[in-house]
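Undergrad: Here you go, this is structure.pdb (PDB, C-alpha atoms).
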MODEL        1
ATOM      1  CA  MET X   6      -8.544 -82.502-118.346
ATOM      2  CA  THR X   7      -9.729 -82.744-114.751
ATOM      3  CA  GLY X   8      -7.244 -80.012-113.891
ATOM      4  CA  ALA X   9      -8.798 -77.690-116.464
ATOM      5  CA  ILE X  10     -12.319 -78.330-115.138
ATOM      6  CA  VAL X  11     -11.214 -77.692-111.550
ATOM      7  CA  GLY X  12      -9.369 -74.563-112.722
ATOM      8  CA  ASP X  13     -12.502 -73.257-114.475
ATOM      9  CA  PHE X  14     -14.586 -74.051-111.421
ATOM     10  CA  ALA X  15     -12.139 -72.191-109.149
ATOM     11  CA  LYS X  16     -12.285 -69.225-111.513
ATOM     12  CA  TRP X  17     -16.092 -69.254-111.540
ATOM     13  CA  LEU X  18     -16.215 -69.572-107.749
ATOM     14  CA  ALA X  19     -13.810 -66.660-107.301
ATOM     15  CA  ALA X  20     -16.126 -64.484-109.416
ATOM     16  CA  THR X  21     -19.229 -65.094-107.284
ATOM     17  CA  ALA X  22     -20.607 -62.346-105.054
ATOM     18  CA  LEU X  23     -20.014 -64.382-101.882
ATOM     19  CA  SER X  24     -16.373 -64.964-102.784
ATOM     20  CA  HIS X  25     -15.987 -61.269-103.499
ATOM     21  CA  THR X  26     -17.420 -60.362-100.080
ATOM     22  CA  ILE X  27     -15.098 -62.795 -98.289
ATOM     23  CA  GLN X  28     -12.072 -61.513-100.212
ATOM     24  CA  THR X  29     -12.688 -57.785 -99.767
ATOM     25  CA  ALA X  30     -13.572 -57.632 -96.062
ATOM     26  CA  GLY X  31     -10.104 -58.162 -94.575
ATOM     27  CA  TRP X  32     -11.316 -59.631 -91.278
ATOM     28  CA  VAL X  33     -13.523 -62.402 -92.708
ATOM     29  CA  ILE X  34     -10.799 -64.921 -93.590
ATOM     30  CA  PRO X  35      -8.869 -64.710 -90.286
ATOM     31  CA  ALA X  36     -12.204 -64.831 -88.416
ATOM     32  CA  LEU X  37     -13.258 -67.975 -90.307
ATOM     33  CA  GLN X  38      -9.835 -69.513 -89.695
ATOM     34  CA  THR X  39     -10.143 -68.723 -85.970
ATOM     35  CA  ILE X  40     -13.514 -70.511 -85.760
ATOM     36  CA  HIS X  41     -12.038 -73.360 -87.832
ATOM     37  CA  ILE X  42      -9.097 -73.775 -85.423
ATOM     38  CA  LEU X  43     -11.349 -73.567 -82.340
ATOM     39  CA  GLY X  44     -13.451 -76.348 -83.893
ATOM     40  CA  ILE X  45     -10.339 -78.431 -84.548
ATOM     41  CA  ALA X  46      -9.291 -77.852 -80.925
ATOM     42  CA  VAL X  47     -12.564 -79.284 -79.603
ATOM     43  CA  LEU X  48     -12.565 -82.187 -82.081
ATOM     44  CA  PHE X  49      -8.889 -83.092 -81.702
ATOM     45  CA  PHE X  50      -8.993 -82.972 -77.900
ATOM     46  CA  SER X  51     -12.143 -85.146 -77.863
ATOM     47  CA  ALA X  52     -10.485 -87.760 -80.077
ATOM     48  CA  VAL X  53      -7.181 -87.680 -78.178
ATOM     49  CA  ILE X  54      -8.752 -88.033 -74.707
ATOM     50  CA  VAL X  55     -10.545 -91.212 -75.872
ATOM     51  CA  ASP X  56      -7.297 -92.445 -77.467
ATOM     52  CA  LEU X  57      -5.408 -91.812 -74.212
ATOM     53  CA  ARG X  58      -8.114 -93.746 -72.333
ATOM     54  CA  LEU X  59      -7.632 -96.639 -74.778
ATOM     55  CA  TRP X  60      -3.916 -96.421 -73.969
ATOM     56  CA  ARG X  61      -4.877 -96.337 -70.242
ATOM     57  CA  VAL X  62      -2.861 -93.130 -69.781
ATOM     58  CA  LEU X  63      -5.724 -90.875 -68.587
ATOM     59  CA  GLN X  64      -9.283 -91.357 -67.264
ATOM     60  CA  ARG X  65      -8.491 -94.895 -66.028
ATOM     61  CA  ASP X  66     -11.126 -94.646 -63.281
ATOM     62  CA  VAL X  67     -13.899 -94.029 -65.827
ATOM     63  CA  PRO X  68     -15.314 -97.010 -67.769
ATOM     64  CA  LEU X  69     -14.142 -96.980 -71.382
ATOM     65  CA  ASN X  70     -17.644 -96.724 -72.852
ATOM     66  CA  ASP X  71     -18.398 -93.759 -70.531
ATOM     67  CA  VAL X  72     -15.364 -91.826 -71.806
ATOM     68  CA  ALA X  73     -16.243 -92.714 -75.409
ATOM     69  CA  GLY X  74     -19.903 -91.822 -74.861
ATOM     70  CA  ARG X  75     -18.900 -88.497 -73.285
ATOM     71  CA  PHE X  76     -16.415 -87.313 -75.925
ATOM     72  CA  LEU X  77     -16.870 -89.067 -79.294
ATOM     73  CA  PRO X  78     -20.426 -87.768 -80.020
ATOM     74  CA  VAL X  79     -19.030 -84.209 -79.671
ATOM     75  CA  ILE X  80     -17.030 -84.792 -82.850
ATOM     76  CA  TRP X  81     -19.964 -84.879 -85.304
ATOM     77  CA  PRO X  82     -21.546 -81.425 -84.838
ATOM     78  CA  VAL X  83     -18.020 -79.986 -84.805
ATOM     79  CA  VAL X  84     -17.238 -81.700 -88.136
ATOM     80  CA  LEU X  85     -20.272 -79.875 -89.534
ATOM     81  CA  ILE X  86     -18.944 -76.499 -88.291
ATOM     82  CA  LEU X  87     -15.551 -77.320 -89.817
ATOM     83  CA  LEU X  88     -17.137 -78.199 -93.173
ATOM     84  CA  VAL X  89     -19.052 -74.892 -93.203
ATOM     85  CA  THR X  90     -16.084 -72.689 -92.200
ATOM     86  CA  GLY X  91     -13.765 -74.704 -94.473
ATOM     87  CA  GLY X  92     -16.268 -74.401 -97.327
ATOM     88  CA  LEU X  93     -16.480 -70.623 -96.894
ATOM     89  CA  LEU X  94     -12.661 -70.406 -96.870
ATOM     90  CA  ILE X  95     -12.597 -72.321-100.175
ATOM     91  CA  ILE X  96     -15.202 -69.971-101.663
ATOM     92  CA  GLY X  97     -13.142 -66.977-100.529
ATOM     93  CA  GLU X  98      -9.857 -68.279-101.971
ATOM     94  CA  PRO X  99     -10.705 -71.143-104.397
ATOM     95  CA  ARG X 100      -7.258 -71.410-105.971
ATOM     96  CA  ARG X 101      -5.531 -71.716-102.591
ATOM     97  CA  SER X 102      -7.098 -75.130-101.949
ATOM     98  CA  LEU X 103      -8.776 -76.475-105.088
ATOM     99  CA  LEU X 104      -5.532 -76.283-107.096
ATOM    100  CA  ASN X 105      -3.484 -77.670-104.226
ATOM    101  CA  THR X 106      -2.512 -81.346-103.808
ATOM    102  CA  THR X 107      -2.115 -80.899-100.034
ATOM    103  CA  PHE X 108      -5.804 -79.960 -99.774
ATOM    104  CA  TYR X 109      -6.876 -83.234-101.449
ATOM    105  CA  LEU X 110      -4.504 -85.157 -99.182
ATOM    106  CA  LYS X 111      -6.158 -83.479 -96.195
ATOM    107  CA  MET X 112      -9.642 -84.449 -97.468
ATOM    108  CA  ALA X 113      -8.552 -88.071 -98.034
ATOM    109  CA  LEU X 114      -7.132 -88.205 -94.498
ATOM    110  CA  LEU X 115     -10.341 -86.650 -93.178
ATOM    111  CA  ALA X 116     -12.393 -89.387 -94.863
ATOM    112  CA  LEU X 117     -10.122 -91.980 -93.253
ATOM    113  CA  ALA X 118     -10.431 -90.318 -89.825
ATOM    114  CA  ILE X 119     -14.229 -90.249 -90.110
ATOM    115  CA  VAL X 120     -14.403 -93.953 -91.039
ATOM    116  CA  LEU X 121     -12.016 -94.802 -88.200
ATOM    117  CA  THR X 122     -13.954 -92.741 -85.639
ATOM    118  CA  VAL X 123     -17.345 -94.133 -86.714
ATOM    119  CA  ALA X 124     -15.962 -97.681 -86.372
ATOM    120  CA  LEU X 125     -14.425 -96.875 -82.991
ATOM    121  CA  GLN X 126     -17.585 -95.206 -81.685
ATOM    122  CA  TRP X 127     -19.745 -98.093 -82.885
ATOM    123  CA  SER X 128     -17.540-100.741 -81.362
ATOM    124  CA  LEU X 129     -17.011 -98.855 -78.080
ATOM    125  CA  SER X 130     -20.754 -98.499 -77.574
ATOM    126  CA  SER X 131     -21.847-101.949 -78.761
ATOM    127  CA  ALA X 132     -19.006-104.118 -77.425
ATOM    128  CA  PRO X 133     -16.895-102.083 -74.958
ATOM    129  CA  GLU X 134     -15.689-105.245 -73.184
ATOM    130  CA  PHE X 135     -13.800-106.378 -76.316
ATOM    131  CA  TRP X 136     -11.114-103.725 -75.816
ATOM    132  CA  GLU X 137     -10.260-104.665 -72.245
ATOM    133  CA  LYS X 138     -11.114-108.286 -71.596
ATOM    134  CA  ASN X 139      -7.846-109.866 -72.769
ATOM    135  CA  GLN X 140      -4.341-109.153 -74.017
ATOM    136  CA  GLY X 141      -5.440-109.177 -77.680
ATOM    137  CA  GLY X 142      -8.169-106.610 -77.038
ATOM    138  CA  ARG X 143      -5.797-104.329 -75.155
ATOM    139  CA  ILE X 144      -3.263-104.476 -77.994
ATOM    140  CA  ALA X 145      -6.040-103.750 -80.508
ATOM    141  CA  ALA X 146      -7.066-100.763 -78.371
ATOM    142  CA  ARG X 147      -3.546 -99.332 -78.481
ATOM    143  CA  VAL X 148      -3.230 -99.884 -82.220
ATOM    144  CA  ALA X 149      -6.589 -98.187 -82.871
ATOM    145  CA  ALA X 150      -5.738 -95.286 -80.536
ATOM    146  CA  THR X 151      -2.312 -94.747 -82.107
ATOM    147  CA  LEU X 152      -3.766 -94.830 -85.602
ATOM    148  CA  SER X 153      -6.461 -92.329 -84.610
ATOM    149  CA  ILE X 154      -3.918 -89.887 -83.105
ATOM    150  CA  LEU X 155      -1.644 -90.186 -86.152
ATOM    151  CA  VAL X 156      -4.438 -89.572 -88.662
ATOM    152  CA  TRP X 157      -5.824 -86.516 -86.809
ATOM    153  CA  CYS X 158      -2.280 -85.108 -86.435
ATOM    154  CA  SER X 159      -1.660 -85.609 -90.159
ATOM    155  CA  ILE X 160      -4.868 -83.698 -90.950
ATOM    156  CA  ILE X 161      -3.706 -80.732 -88.849
ATOM    157  CA  PHE X 162      -0.257 -80.837 -90.469
ATOM    158  CA  ALA X 163      -1.785 -81.002 -93.957
ATOM    159  CA  GLY X 164      -4.094 -78.110 -93.070
ATOM    160  CA  ARG X 165      -1.170 -75.879 -92.108
ATOM    161  CA  TRP X 166       0.784 -77.054 -95.143
ATOM    162  CA  ILE X 167      -1.933 -75.835 -97.552
ATOM    163  CA  ALA X 168      -0.656 -72.302 -96.870
ATOM    164  CA  TYR X 169       2.851 -73.275 -98.022
ATOM    165  CA  THR X 170       2.018 -75.306-101.127
ATOM    166  CA  GLN X 171      -0.466 -73.059-102.930
ATOM    167  CA  VAL X 172       0.219 -72.297-106.568
ATOM    168  CA  GLY X 173       0.648 -68.753-107.835
TER     169      GLY X 173
ATOM    170  CA  MET F  27      22.864 -53.155 -67.532
ATOM    171  CA  LEU F  28      21.163 -55.592 -69.855
ATOM    172  CA  HIS F  29      18.688 -54.013 -72.258
ATOM    173  CA  LEU F  30      15.767 -55.613 -74.057
ATOM    174  CA  LYS F  31      17.565 -54.796 -77.292
ATOM    175  CA  ASP F  32      20.533 -56.951 -76.276
ATOM    176  CA  VAL F  33      18.257 -59.834 -75.305
ATOM    177  CA  ILE F  34      16.493 -59.668 -78.677
ATOM    178  CA  ALA F  35      19.823 -59.534 -80.512
ATOM    179  CA  PHE F  36      21.031 -62.525 -78.509
ATOM    180  CA  LEU F  37      17.861 -64.488 -79.397
ATOM    181  CA  GLU F  38      17.894 -63.567 -83.082
ATOM    182  CA  ASP F  39      21.586 -63.823 -83.883
ATOM    183  CA  ASN F  40      22.468 -67.465 -83.519
ATOM    184  CA  SER F  41      22.610 -70.476 -85.766
ATOM    185  CA  LEU F  42      19.312 -71.930 -84.486
ATOM    186  CA  ALA F  43      17.367 -68.726 -85.231
ATOM    187  CA  ASP F  44      19.140 -68.484 -88.603
ATOM    188  CA  ALA F  45      18.172 -72.048 -89.467
ATOM    189  CA  ILE F  46      14.483 -71.494 -88.632
ATOM    190  CA  ARG F  47      14.510 -68.226 -90.602
ATOM    191  CA  GLU F  48      16.210 -69.585 -93.711
ATOM    192  CA  ASN F  49      15.144 -73.214 -93.977
ATOM    193  CA  ASP F  50      11.965 -73.585 -96.066
ATOM    194  CA  LEU F  51      10.745 -76.604 -94.131
ATOM    195  CA  LEU F  52      11.638 -75.824 -90.532
ATOM    196  CA  PHE F  53       9.208 -72.941 -89.934
ATOM    197  CA  PRO F  54       6.059 -74.662 -91.268
ATOM    198  CA  LEU F  55       7.056 -77.789 -89.353
ATOM    199  CA  ILE F  56       7.395 -75.913 -86.051
ATOM    200  CA  GLU F  57       4.209 -73.993 -86.844
ATOM    201  CA  SER F  58       2.271 -77.230 -87.395
ATOM    202  CA  VAL F  59       3.488 -78.621 -84.057
ATOM    203  CA  HIS F  60       2.437 -75.299 -82.472
ATOM    204  CA  VAL F  61      -1.096 -75.556 -83.932
ATOM    205  CA  LEU F  62      -1.351 -79.168 -82.791
ATOM    206  CA  ALA F  63      -0.299 -78.283 -79.239
ATOM    207  CA  ILE F  64      -2.548 -75.202 -79.074
ATOM    208  CA  CYS F  65      -5.518 -77.305 -80.160
ATOM    209  CA  LEU F  66      -4.928 -79.704 -77.263
ATOM    210  CA  VAL F  67      -4.368 -76.860 -74.788
ATOM    211  CA  VAL F  68      -7.523 -74.993 -75.823
ATOM    212  CA  GLY F  69      -9.703 -78.079 -76.311
ATOM    213  CA  SER F  70      -8.777 -79.556 -72.934
ATOM    214  CA  ILE F  71      -9.151 -76.266 -71.050
ATOM    215  CA  MET F  72     -12.584 -75.718 -72.602
ATOM    216  CA  ALA F  73     -13.682 -79.179 -71.440
ATOM    217  CA  VAL F  74     -12.756 -78.220 -67.860
ATOM    218  CA  ASP F  75     -14.402 -74.805 -68.289
ATOM    219  CA  LEU F  76     -17.664 -76.414 -69.428
ATOM    220  CA  ARG F  77     -17.642 -78.506 -66.241
ATOM    221  CA  LEU F  78     -17.061 -75.371 -64.146
ATOM    222  CA  LEU F  79     -19.924 -73.659 -65.976
ATOM    223  CA  GLY F  80     -22.161 -76.647 -65.265
ATOM    224  CA  LEU F  81     -22.689 -77.359 -68.965
ATOM    225  CA  ALA F  82     -20.975 -80.742 -69.318
ATOM    226  CA  TRP F  83     -20.011 -83.842 -67.327
ATOM    227  CA  ILE F  84     -21.849 -82.459 -64.291
ATOM    228  CA  LYS F  85     -22.233 -85.882 -62.644
ATOM    229  CA  ARG F  86     -18.462 -86.172 -62.265
ATOM    230  CA  PRO F  87     -16.715 -84.327 -59.410
ATOM    231  CA  VAL F  88     -14.728 -81.294 -60.547
ATOM    232  CA  SER F  89     -11.531 -82.719 -59.027
ATOM    233  CA  ALA F  90     -11.945 -85.948 -61.041
ATOM    234  CA  VAL F  91     -12.514 -83.986 -64.265
ATOM    235  CA  THR F  92      -9.403 -81.857 -63.752
ATOM    236  CA  ARG F  93      -7.287 -84.840 -62.668
ATOM    237  CA  GLY F  94      -8.196 -86.720 -65.857
ATOM    238  CA  ILE F  95      -7.587 -83.796 -68.223
ATOM    239  CA  LEU F  96      -5.039 -81.282 -66.905
ATOM    240  CA  PRO F  97      -1.941 -83.528 -67.313
ATOM    241  CA  LEU F  98      -2.663 -83.420 -71.050
ATOM    242  CA  THR F  99      -3.150 -79.640 -70.892
ATOM    243  CA  TRP F 100       0.224 -79.057 -69.228
ATOM    244  CA  GLY F 101       2.087 -81.434 -71.544
ATOM    245  CA  ALA F 102       0.609 -79.727 -74.604
ATOM    246  CA  PHE F 103       1.244 -76.269 -73.095
ATOM    247  CA  ALA F 104       4.954 -77.089 -72.716
ATOM    248  CA  VAL F 105       5.103 -78.091 -76.408
ATOM    249  CA  ALA F 106       3.192 -74.942 -77.426
ATOM    250  CA  VAL F 107       5.579 -72.694 -75.478
ATOM    251  CA  ALA F 108       8.680 -74.428 -76.871
ATOM    252  CA  SER F 109       7.460 -74.312 -80.487
ATOM    253  CA  GLY F 110       6.197 -70.735 -80.017
ATOM    254  CA  PHE F 111       9.590 -69.701 -78.635
ATOM    255  CA  LEU F 112      11.355 -71.190 -81.674
ATOM    256  CA  MET F 113       9.117 -69.238 -84.064
ATOM    257  CA  PHE F 114       9.623 -66.104 -81.952
ATOM    258  CA  ILE F 115      13.452 -66.165 -82.080
ATOM    259  CA  SER F 116      13.365 -66.507 -85.872
ATOM    260  CA  ASN F 117      12.058 -62.928 -86.017
ATOM    261  CA  ALA F 118      11.913 -61.518 -82.474
ATOM    262  CA  THR F 119      12.004 -57.837 -83.453
ATOM    263  CA  LYS F 120       9.064 -58.122 -85.847
ATOM    264  CA  TYR F 121       7.002 -60.235 -83.445
ATOM    265  CA  LEU F 122       7.508 -57.722 -80.626
ATOM    266  CA  GLY F 123       6.418 -54.956 -83.001
ATOM    267  CA  ASN F 124       3.205 -56.825 -83.824
ATOM    268  CA  GLY F 125       0.252 -55.728 -81.701
ATOM    269  CA  PHE F 126      -1.529 -59.072 -82.001
ATOM    270  CA  PHE F 127       1.551 -60.940 -80.768
ATOM    271  CA  VAL F 128       1.841 -58.692 -77.709
ATOM    272  CA  ALA F 129      -1.918 -58.975 -77.122
ATOM    273  CA  LYS F 130      -1.681 -62.767 -77.362
ATOM    274  CA  LEU F 131       1.018 -62.891 -74.668
ATOM    275  CA  CYS F 132      -1.016 -60.559 -72.423
ATOM    276  CA  LEU F 133      -4.141 -62.703 -72.896
ATOM    277  CA  ILE F 134      -2.210 -65.880 -71.993
ATOM    278  CA  ALA F 135      -0.909 -64.103 -68.879
ATOM    279  CA  ALA F 136      -4.495 -63.092 -68.031
ATOM    280  CA  ALA F 137      -5.647 -66.711 -68.490
ATOM    281  CA  GLY F 138      -2.830 -67.769 -66.160
ATOM    282  CA  ALA F 139      -3.860 -65.174 -63.565
ATOM    283  CA  ASN F 140      -7.499 -66.328 -63.838
ATOM    284  CA  MET F 141      -6.341 -69.901 -63.204
ATOM    285  CA  LEU F 142      -4.220 -68.896 -60.193
ATOM    286  CA  VAL F 143      -7.077 -66.911 -58.647
ATOM    287  CA  PHE F 144      -9.378 -69.904 -59.096
ATOM    288  CA  HIS F 145      -6.849 -72.402 -57.771
ATOM    289  CA  PHE F 146      -5.642 -70.489 -54.698
ATOM    290  CA  ILE F 147      -8.697 -68.427 -53.753
ATOM    291  CA  SER F 148     -11.976 -69.671 -55.256
ATOM    292  CA  ALA F 149     -11.147 -73.373 -54.909
ATOM    293  CA  ARG F 150     -10.174 -73.221 -51.229
ATOM    294  CA  ASP F 151     -13.577 -74.606 -50.269
ATOM    295  CA  GLN F 152     -13.735 -76.982 -53.246
ATOM    296  CA  PRO F 153     -14.439 -80.107 -51.108
ATOM    297  CA  ARG F 154     -17.766 -78.453 -50.222
ATOM    298  CA  TRP F 155     -18.963 -78.144 -53.841
ATOM    299  CA  ASP F 156     -16.752 -80.655 -55.695
ATOM    300  CA  ASN F 157     -19.694 -83.001 -56.374
ATOM    301  CA  GLN F 158     -22.290 -80.353 -57.180
ATOM    302  CA  ALA F 159     -23.622 -79.821 -60.687
ATOM    303  CA  ARG F 160     -24.137 -76.084 -60.158
ATOM    304  CA  LEU F 161     -20.970 -74.525 -58.763
ATOM    305  CA  PRO F 162     -20.490 -71.258 -56.796
ATOM    306  CA  LEU F 163     -20.446 -68.074 -58.860
ATOM    307  CA  THR F 164     -16.659 -67.656 -58.520
ATOM    308  CA  ALA F 165     -16.054 -71.063 -60.088
ATOM    309  CA  ARG F 166     -18.532 -70.434 -62.906
ATOM    310  CA  LEU F 167     -16.968 -67.047 -63.487
ATOM    311  CA  ALA F 168     -13.487 -68.598 -63.720
ATOM    312  CA  GLY F 169     -14.771 -71.039 -66.358
ATOM    313  CA  GLY F 170     -16.538 -68.338 -68.377
ATOM    314  CA  ILE F 171     -13.569 -65.945 -68.322
ATOM    315  CA  SER F 172     -11.249 -68.772 -69.329
ATOM    316  CA  VAL F 173     -13.366 -69.713 -72.372
ATOM    317  CA  LEU F 174     -13.423 -66.097 -73.589
ATOM    318  CA  LEU F 175      -9.696 -65.526 -73.003
ATOM    319  CA  TRP F 176      -8.640 -68.668 -74.892
ATOM    320  CA  ILE F 177     -10.903 -67.844 -77.836
ATOM    321  CA  ALA F 178      -9.192 -64.431 -77.942
ATOM    322  CA  VAL F 179      -5.741 -66.098 -77.728
ATOM    323  CA  VAL F 180      -6.507 -68.247 -80.792
ATOM    324  CA  ALA F 181      -7.907 -65.238 -82.679
ATOM    325  CA  CYS F 182      -4.781 -63.142 -81.956
ATOM    326  CA  GLY F 183      -2.577 -66.050 -82.986
ATOM    327  CA  ARG F 184      -4.321 -66.284 -86.332
ATOM    328  CA  TRP F 185      -4.246 -62.505 -86.835
ATOM    329  CA  ILE F 186      -0.460 -62.459 -86.318
ATOM    330  CA  GLY F 187      -0.122 -64.400 -89.570
ATOM    331  CA  PHE F 188      -2.058 -61.730 -91.462
ATOM    332  CA  THR F 189      -0.322 -58.693 -89.987
ATOM    333  CA  MET F 190       3.355 -59.712 -89.845
ATOM    334  CA  GLU F 191       5.440 -57.912 -92.405
ATOM    335  CA  PRO F 192       7.183 -60.432 -94.641
ATOM    336  CA  GLY F 193      10.834 -61.252 -94.157
TER     337      GLY F 193
ENDMDL
END
Turn the structure described in the file into structure tokens.
TA:
Amino acid sequence: MTGAIVGDFAKWLAATALSHTIQTAGWVIPALQTIHILGIAVLFFSAVIVDLRLWRVLQRDVPLNDVAGRFLPVIWPVVLILLVTGGLLIIGEPRRSLLNTTFYLKMALLALAIVLTVALQWSLSSAPEFWEKNQGGRIAARVAATLSILVWCSIIFAGRWIAYTQVG
Amino acid sequence: MLHLKDVIAFLEDNSLADAIRENDLLFPLIESVHVLAICLVVGSIMAVDLRLLGLAWIKRPVSAVTRGILPLTWGAFAVAVASGFLMFISNATKYLGNGFFVAKLCLIAAAGANMLVFHFISARDQPRWDNQARLPLTARLAGGISVLLWIAVVACGRWIGFTMEPG
């Protein structure tokens, strides 16, 4: 039932003028994908550098809330760029993603990553001392950082896997 | 005398290259690791470039910015080269015949040359401007060129996927 509705929607989307434009100009899809990957590069690096600071691997001489305040806010405008370029890619090739389980897995992981990053950003700006004042806080920092890296990596893996799991 | 043809044959005709070529899972797996590594390489380099351009983190000395970021860049670059090499040997002949692949390698070499020029020539008097927000023109130029080159590297990488003949 849901599958049929999504299938009809993908069909309708593929018939729109915008979709037609994206499909017929050969350079549009690789160009959108290039912008999409550049956005992921900025976002992923920003998340990872904060995670590595939580692990005390890099940026040890900078206070934790300074590193978080420098890099985490970068993530949100980039997420917007990724939603726009990703949205245009869906409009160009609706069946590739909308009829693809990997795409929904990627979106679920993205929702998780956003919740995790919002929580991390909030806690790093409101109570930065929690993460470093005792053994428990330092362990919590490493758990949060590891989880963040794993979720963002999974999103990138799922993104690449969409190309290999599309139907028809 | 060893010819390029022999080198390519040596790279392509072995069990590792066969495995990557034939196994349905291995190539996408290596490709995903490659994308992951490239994202860290490009993201981290752009952060340094923005500092050189005077657009971000200008209160922090350049040397402190590079010290806190470049170890990640080099680690990720090693992973990107290794995973890229594995994809390359799975189909060396076709990659070498692809203009975007060759362009990508040239652009990476150019980015490397830009970095060497900055490191060994422009940065010789770095202690003088390390703390400044607005850096000398040579340093800003190095940052600007680097941003453009890495954007072009990513674009070429993506275009390879659309222009490689199947098989």
Undergrad: Measuring between all atoms listed in the file, which one of F:Asp151, F:Asp75, F:Asp156, F:Glu57 shows the shortest distance to Tyr169 (chain X)?
TA: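 Answer, going by the shortest atom-to-atom distance: F:Glu57.
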Undergrad: Env of Leu42 (chain F): 12 Å cut, atoms = only C-alpha atoms, seq-sep filter 2 positions within chain, self excluded. Answer as number ranges by chain.
TA: F: 36-40, 44-49, 52-53, 111-117
Undergrad: May I ask you to extract the residues of chain X within 8 Å of chain F, using all atoms listed in the file, and to give them as a count of residues only?
TA: 23
Undergrad: Which residues are close to Asn124 (chain F), i.e. within 9 Å by only C-alpha atoms, leaving aside same-chain residues fewer than 3 positions away? Reply as a VMD selection string.
TA: chain F and resid 119 to 121 127 to 129 186 189 to 191
Undergrad: Evaluate the PyMOL selection byres ((chain X and resi 8-12) around 8) on the structure here and hand back the selected residues as an MDAnalysis selection string.
TA: chainID X and resid 6:7 13:16 100 103:104
Undergrad: Residue by residue, what does the PyMOL selection byres ((chain X and resi 106-123) around 10) grab here? Present the result as a ChimeraX atom specification.
TA: /X:52,77-78,80-81,84,101-105,124-129,149-150,152-172
Undergrad: Just give me the gap between CA of Gly141 (chain X) and CA of Val79 (chain X) in Å, one decimal is fine.
TA: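 These two atoms are separated by 28.5 Å.
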Undergrad: Contacts of Ala165 (chain F) at 9 Å or less, counting only C-alpha atoms, minus same-chain residues fewer than 6 places along, as a PDB file with C-alpha atoms, in the frame of the given file?
TA:
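Heads up, here's the output in result-v2.pdb:
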ATOM      1  CA  LEU F  78     -17.061 -75.371 -64.146  1.00  0.00           C
ATOM      2  CA  LEU F  79     -19.924 -73.659 -65.976  1.00  0.00           C
ATOM      3  CA  PHE F 144      -9.378 -69.904 -59.096  1.00  0.00           C
ATOM      4  CA  SER F 148     -11.976 -69.671 -55.256  1.00  0.00           C
ATOM      5  CA  ALA F 149     -11.147 -73.373 -54.909  1.00  0.00           C
TER       6      ALA F 149
END
Undergrad: Any idea what the distance is between CA of Arg143 (chain X) and CA of Leu59 (chain X)?
TA: 7.9 Å
